[in-house]
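Coordinates as given in my_file-v8.pdb (PDB, C-alpha atoms):
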MODEL        1
ATOM      1  CA  MET A   1      -2.817  -4.966  -2.818  1.00  0.00           C
ATOM      2  CA  ALA A   2      -2.190  -1.414  -1.663  1.00  0.00           C
ATOM      3  CA  GLU A   3      -2.405  -0.090  -5.229  1.00  0.00           C
ATOM      4  CA  ALA A   4      -5.802  -1.749  -5.735  1.00  0.00           C
ATOM      5  CA  ILE A   5      -7.166  -0.612  -2.377  1.00  0.00           C
ATOM      6  CA  LEU A   6      -6.049   3.015  -2.704  1.00  0.00           C
ATOM      7  CA  ASN A   7      -7.321   3.264  -6.255  1.00  0.00           C
ATOM      8  CA  LYS A   8     -10.707   1.997  -5.037  1.00  0.00           C
ATOM      9  CA  LEU A   9     -11.013   3.972  -1.774  1.00  0.00           C
ATOM     10  CA  GLY A  10      -9.360   7.077  -3.157  1.00  0.00           C
ATOM     11  CA  GLN A  11     -11.061   7.055  -6.534  1.00  0.00           C
ATOM     12  CA  GLY A  12     -11.194  10.605  -7.862  1.00  0.00           C
ATOM     13  CA  LYS A  13      -8.714  11.831  -5.211  1.00  0.00           C
ATOM     14  CA  PHE A  14      -5.663   9.627  -5.713  1.00  0.00           C
ATOM     15  CA  ARG A  15      -3.940   7.534  -8.351  1.00  0.00           C
ATOM     16  CA  ALA A  16      -1.912   4.782  -6.713  1.00  0.00           C
ATOM     17  CA  TYR A  17       1.027   2.781  -8.003  1.00  0.00           C
ATOM     18  CA  SER A  18       2.711  -0.142  -6.341  1.00  0.00           C
ATOM     19  CA  ALA A  19       6.331  -1.135  -6.786  1.00  0.00           C
ATOM     20  CA  GLY A  20       9.067  -2.920  -4.922  1.00  0.00           C
ATOM     21  CA  SER A  21      12.807  -3.100  -4.526  1.00  0.00           C
ATOM     22  CA  ARG A  22      12.962  -6.683  -5.826  1.00  0.00           C
ATOM     23  CA  PRO A  23       9.945  -7.331  -8.076  1.00  0.00           C
ATOM     24  CA  LYS A  24       9.240 -10.983  -8.823  1.00  0.00           C
ATOM     25  CA  GLY A  25       8.108 -10.385 -12.406  1.00  0.00           C
ATOM     26  CA  GLN A  26       4.453 -11.220 -11.747  1.00  0.00           C
ATOM     27  CA  VAL A  27       1.823 -10.299  -9.194  1.00  0.00           C
ATOM     28  CA  ASN A  28       1.509 -13.044  -6.594  1.00  0.00           C
ATOM     29  CA  PRO A  29      -1.339 -15.374  -7.648  1.00  0.00           C
ATOM     30  CA  ASN A  30      -2.693 -15.339  -4.074  1.00  0.00           C
ATOM     31  CA  THR A  31      -3.035 -11.560  -4.295  1.00  0.00           C
ATOM     32  CA  ILE A  32      -4.863 -11.793  -7.608  1.00  0.00           C
ATOM     33  CA  GLN A  33      -7.200 -14.489  -6.247  1.00  0.00           C
ATOM     34  CA  LEU A  34      -7.996 -12.474  -3.102  1.00  0.00           C
ATOM     35  CA  LEU A  35      -8.590  -9.208  -4.963  1.00  0.00           C
ATOM     36  CA  GLN A  36     -10.774 -10.861  -7.587  1.00  0.00           C
ATOM     37  CA  GLY A  37     -12.758 -12.566  -4.829  1.00  0.00           C
ATOM     38  CA  LEU A  38     -13.376  -9.131  -3.313  1.00  0.00           C
ATOM     39  CA  GLY A  39     -14.603  -7.712  -6.623  1.00  0.00           C
ATOM     40  CA  TYR A  40     -11.475  -5.867  -7.787  1.00  0.00           C
ATOM     41  CA  ASP A  41     -10.614  -5.715 -11.469  1.00  0.00           C
ATOM     42  CA  THR A  42      -7.017  -6.999 -11.574  1.00  0.00           C
ATOM     43  CA  ALA A  43      -6.463  -6.755 -15.331  1.00  0.00           C
ATOM     44  CA  GLY A  44      -3.962  -3.893 -15.298  1.00  0.00           C
ATOM     45  CA  TYR A  45      -1.739  -4.944 -12.411  1.00  0.00           C
ATOM     46  CA  ARG A  46       1.867  -5.969 -12.938  1.00  0.00           C
ATOM     47  CA  SER A  47       5.016  -6.438 -10.908  1.00  0.00           C
ATOM     48  CA  LYS A  48       7.112  -3.234 -11.014  1.00  0.00           C
ATOM     49  CA  SER A  49      10.426  -1.983  -9.690  1.00  0.00           C
ATOM     50  CA  TRP A  50      10.385   1.214  -7.712  1.00  0.00           C
ATOM     51  CA  SER A  51      13.176   2.444  -9.996  1.00  0.00           C
ATOM     52  CA  GLU A  52      10.459   3.081 -12.631  1.00  0.00           C
ATOM     53  CA  PHE A  53       9.165   5.917 -10.458  1.00  0.00           C
ATOM     54  CA  ALA A  54      12.537   7.576  -9.919  1.00  0.00           C
ATOM     55  CA  LYS A  55      13.114   8.061 -13.659  1.00  0.00           C
ATOM     56  CA  SER A  56      12.454  11.128 -15.752  1.00  0.00           C
ATOM     57  CA  GLY A  57       8.913  11.115 -17.127  1.00  0.00           C
ATOM     58  CA  ALA A  58       7.545   8.930 -14.330  1.00  0.00           C
ATOM     59  CA  PRO A  59       4.263   9.924 -12.684  1.00  0.00           C
ATOM     60  CA  SER A  60       4.644  12.647 -10.073  1.00  0.00           C
ATOM     61  CA  LEU A  61       4.351  11.242  -6.550  1.00  0.00           C
ATOM     62  CA  ASP A  62       2.866  13.171  -3.634  1.00  0.00           C
ATOM     63  CA  PHE A  63       3.120  10.312  -1.134  1.00  0.00           C
ATOM     64  CA  VAL A  64       5.298   7.204  -0.886  1.00  0.00           C
ATOM     65  CA  PHE A  65       4.381   4.517   1.636  1.00  0.00           C
ATOM     66  CA  THR A  66       6.496   1.471   2.269  1.00  0.00           C
ATOM     67  CA  VAL A  67       4.204  -1.315   3.405  1.00  0.00           C
ATOM     68  CA  CYS A  68       6.304  -4.446   3.495  1.00  0.00           C
ATOM     69  CA  ASP A  69       7.920  -5.056   6.880  1.00  0.00           C
ATOM     70  CA  ASN A  70      11.133  -5.947   5.036  1.00  0.00           C
ATOM     71  CA  ALA A  71      11.228  -2.499   3.401  1.00  0.00           C
ATOM     72  CA  ALA A  72      11.737  -0.701   6.711  1.00  0.00           C
ATOM     73  CA  GLY A  73      15.467  -1.369   6.659  1.00  0.00           C
ATOM     74  CA  GLU A  74      16.029  -0.861   2.950  1.00  0.00           C
ATOM     75  CA  ALA A  75      17.515   2.267   1.446  1.00  0.00           C
ATOM     76  CA  CYS A  76      14.793   3.842  -0.682  1.00  0.00           C
ATOM     77  CA  PRO A  77      15.556   5.887  -3.778  1.00  0.00           C
ATOM     78  CA  VAL A  78      15.410   9.652  -3.710  1.00  0.00           C
ATOM     79  CA  TRP A  79      12.034  10.457  -5.220  1.00  0.00           C
ATOM     80  CA  PRO A  80      11.679  13.376  -7.643  1.00  0.00           C
ATOM     81  CA  GLY A  81       9.624  16.175  -6.096  1.00  0.00           C
ATOM     82  CA  GLN A  82      10.318  14.944  -2.547  1.00  0.00           C
ATOM     83  CA  PRO A  83       6.960  13.340  -1.770  1.00  0.00           C
ATOM     84  CA  MET A  84       5.887  12.779   1.826  1.00  0.00           C
ATOM     85  CA  THR A  85       6.883   9.338   3.034  1.00  0.00           C
ATOM     86  CA  ALA A  86       5.870   6.960   5.807  1.00  0.00           C
ATOM     87  CA  HIS A  87       6.388   3.309   6.671  1.00  0.00           C
ATOM     88  CA  TRP A  88       3.187   1.311   7.206  1.00  0.00           C
ATOM     89  CA  GLY A  89       4.750  -2.079   7.899  1.00  0.00           C
ATOM     90  CA  VAL A  90       2.651  -5.133   7.149  1.00  0.00           C
ATOM     91  CA  PRO A  91       3.997  -8.691   7.279  1.00  0.00           C
ATOM     92  CA  ASP A  92       4.703  -9.848   3.721  1.00  0.00           C
ATOM     93  CA  PRO A  93       2.078 -12.511   3.001  1.00  0.00           C
ATOM     94  CA  ALA A  94       4.270 -13.945   0.236  1.00  0.00           C
ATOM     95  CA  GLU A  95       6.607 -15.113   3.010  1.00  0.00           C
ATOM     96  CA  ALA A  96       3.827 -17.126   4.694  1.00  0.00           C
ATOM     97  CA  LYS A  97       4.394 -20.851   5.159  1.00  0.00           C
ATOM     98  CA  GLY A  98       1.936 -23.600   5.914  1.00  0.00           C
ATOM     99  CA  SER A  99      -1.232 -24.989   4.425  1.00  0.00           C
ATOM    100  CA  ALA A 100      -3.144 -23.296   1.629  1.00  0.00           C
ATOM    101  CA  ALA A 101      -5.624 -22.041   4.252  1.00  0.00           C
ATOM    102  CA  GLU A 102      -2.838 -20.567   6.407  1.00  0.00           C
ATOM    103  CA  ILE A 103      -1.310 -18.822   3.414  1.00  0.00           C
ATOM    104  CA  ALA A 104      -4.715 -17.472   2.333  1.00  0.00           C
ATOM    105  CA  LEU A 105      -5.208 -16.155   5.872  1.00  0.00           C
ATOM    106  CA  ALA A 106      -1.865 -14.319   5.707  1.00  0.00           C
ATOM    107  CA  PHE A 107      -3.030 -12.599   2.499  1.00  0.00           C
ATOM    108  CA  LYS A 108      -6.406 -11.729   4.061  1.00  0.00           C
ATOM    109  CA  ASP A 109      -4.670 -10.294   7.130  1.00  0.00           C
ATOM    110  CA  ALA A 110      -2.362  -8.155   4.979  1.00  0.00           C
ATOM    111  CA  TYR A 111      -5.363  -6.949   2.980  1.00  0.00           C
ATOM    112  CA  ARG A 112      -7.294  -6.082   6.137  1.00  0.00           C
ATOM    113  CA  MET A 113      -4.380  -4.092   7.603  1.00  0.00           C
ATOM    114  CA  LEU A 114      -3.817  -2.209   4.358  1.00  0.00           C
ATOM    115  CA  PHE A 115      -7.531  -1.564   3.862  1.00  0.00           C
ATOM    116  CA  GLN A 116      -7.790  -0.084   7.347  1.00  0.00           C
ATOM    117  CA  ARG A 117      -4.731   2.154   7.021  1.00  0.00           C
ATOM    118  CA  ILE A 118      -5.586   3.315   3.528  1.00  0.00           C
ATOM    119  CA  GLY A 119      -9.147   4.018   4.661  1.00  0.00           C
ATOM    120  CA  ILE A 120      -7.809   6.284   7.400  1.00  0.00           C
ATOM    121  CA  PHE A 121      -5.491   7.979   4.892  1.00  0.00           C
ATOM    122  CA  THR A 122      -8.246   8.658   2.339  1.00  0.00           C
ATOM    123  CA  ALA A 123     -10.412  10.185   5.079  1.00  0.00           C
ATOM    124  CA  LEU A 124      -7.761  12.734   6.100  1.00  0.00           C
ATOM    125  CA  PRO A 125      -8.610  16.369   5.368  1.00  0.00           C
ATOM    126  CA  ILE A 126      -5.350  16.674   3.415  1.00  0.00           C
ATOM    127  CA  ARG A 127      -5.994  20.147   1.993  1.00  0.00           C
ATOM    128  CA  SER A 128      -6.603  21.615   5.452  1.00  0.00           C
ATOM    129  CA  LEU A 129      -3.469  20.154   7.086  1.00  0.00           C
ATOM    130  CA  ASP A 130      -0.077  21.825   7.066  1.00  0.00           C
ATOM    131  CA  ASN A 131       2.854  19.649   5.949  1.00  0.00           C
ATOM    132  CA  LEU A 132       4.123  18.908   9.454  1.00  0.00           C
ATOM    133  CA  SER A 133       0.674  17.859  10.702  1.00  0.00           C
ATOM    134  CA  LEU A 134       0.107  15.742   7.616  1.00  0.00           C
ATOM    135  CA  GLN A 135       3.498  14.026   7.941  1.00  0.00           C
ATOM    136  CA  THR A 136       2.764  13.281  11.608  1.00  0.00           C
ATOM    137  CA  LYS A 137      -0.621  11.764  10.706  1.00  0.00           C
ATOM    138  CA  LEU A 138       0.942   9.629   7.964  1.00  0.00           C
ATOM    139  CA  LYS A 139       3.398   8.170  10.452  1.00  0.00           C
ATOM    140  CA  GLU A 140       0.628   7.598  13.011  1.00  0.00           C
ATOM    141  CA  ILE A 141      -1.333   5.573  10.455  1.00  0.00           C
ATOM    142  CA  GLY A 142       1.599   3.163  10.269  1.00  0.00           C
ATOM    143  CA  ARG A 143       1.239   2.527  13.992  1.00  0.00           C
ATOM    144  CA  VAL A 144      -2.486   1.735  13.878  1.00  0.00           C
ATOM    145  CA  ALA A 145      -3.170  -1.622  15.479  1.00  0.00           C
ATOM    146  CA  ASP A 146      -4.323  -4.175  12.942  1.00  0.00           C
ATOM    147  CA  ALA A 147      -7.298  -5.428  14.928  1.00  0.00           C
ATOM    148  CA  VAL A 148      -9.586  -2.388  14.889  1.00  0.00           C
ATOM    149  CA  THR A 149     -12.105  -2.866  12.088  1.00  0.00           C
ATOM    150  CA  LYS A 150     -12.413  -5.507   9.476  1.00  0.00           C
ATOM    151  CA  GLU A 151     -13.847  -4.924   6.051  1.00  0.00           C
ATOM    152  CA  PRO A 152     -16.802  -7.197   5.413  1.00  0.00           C
ATOM    153  CA  THR A 153     -15.933 -10.066   3.068  1.00  0.00           C
TER     154      THR A 153
ENDMDL
END
In structure tokens, how does this file's structure come out?
Amino acid sequence: MAEAILNKLGQGKFRAYSAGSRPKGQVNPNTIQLLQGLGYDTAGYRSKSWSEFAKSGAPSLDFVFTVCDNAAGEACPVWPGQPMTAHWGVPDPAEAKGSAAEIALAFKDAYRMLFQRIGIFTALPIRSLDNLSLQTKLKEIGRVADAVTKEPT
């Protein structure tokens, strides 16, 4: 979800990639359904390990955000080029239990939280901030309450 949102909101400024510590081998069908319903082209998305981005020849990373609540306690790889990092914890919707409607709501909530945080990130005047100020702002974004603004659906 975060990859799709950042590539849309940050088009022309950022190129986003999403990866995890334990990829499932396919993008969650609920994620695909939600993104397609919101008008995203999901054709190029795939499940990836974060180890792909720590290898020689991988895309250069300026920022690395962990977004899954479970990732907060995991040891992340050392990223080439030492990108700025921050944790923007969001409950993992793939862990949701209940009816189809309850699970869909968990995915919508995760999308809304990510959309809000990524929107704040893409609006930052990155070029005019020194590294310490930028790092502070990145961490503050992770503490943004999830109930501020909702993207229209």
May I have the residues at most 7 Å from (5.4, 6.8, 5.3) in the file's coordinates, counting only C-alpha atoms, as a ChimeraX atom specification? /A:64-66,84-88,138-139
What does the distance between CA of Ala4 (chain A) and CA of Ser18 (chain A) come to in Å, to one decimal place? 8.7 Å
Selection result of the PyMOL selection byres ((chain A and resi 108) around 12) on this file, as a VMD selection string: chain A and resid 1 30 to 35 37 to 38 90 to 94 96 101 to 107 109 to 115 146 150 to 153
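Coordinates place CA of Gly89 (chain A) at a distance of 5.2 Å from CA of Cys68 (chain A).
The space between CA of Arg127 (chain A) and CA of Gly57 (chain A) spans 25.9 Å.
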I want to know what sits within 12 Å of Ser47 (chain A), based on all atoms listed in the file, with residues of the same chain fewer than 2 positions away left out; could you give that as a PyMOL selection string? chain A and resi 1+3+17-29+31-32+44-45+49-50+52
Between A:Ala100, A:Ile5, A:Ala58, A:Ala16, which one has atoms that come closest to Gly39 (chain A), using only C-alpha atoms? A:Ile5
Mind listing whatever residues come within 9 Å of the point (-5.0, 3.3, 7.8)? Use all atoms listed in the file, file coordinates, and give them as a count of residues only. 17
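When only C-alpha atoms are used to compute distances to Leu9 (chain A), the closest of the residues A:Ala54, A:Ala43, A:Ala123, A:Leu61 turns out to be A:Ala123.
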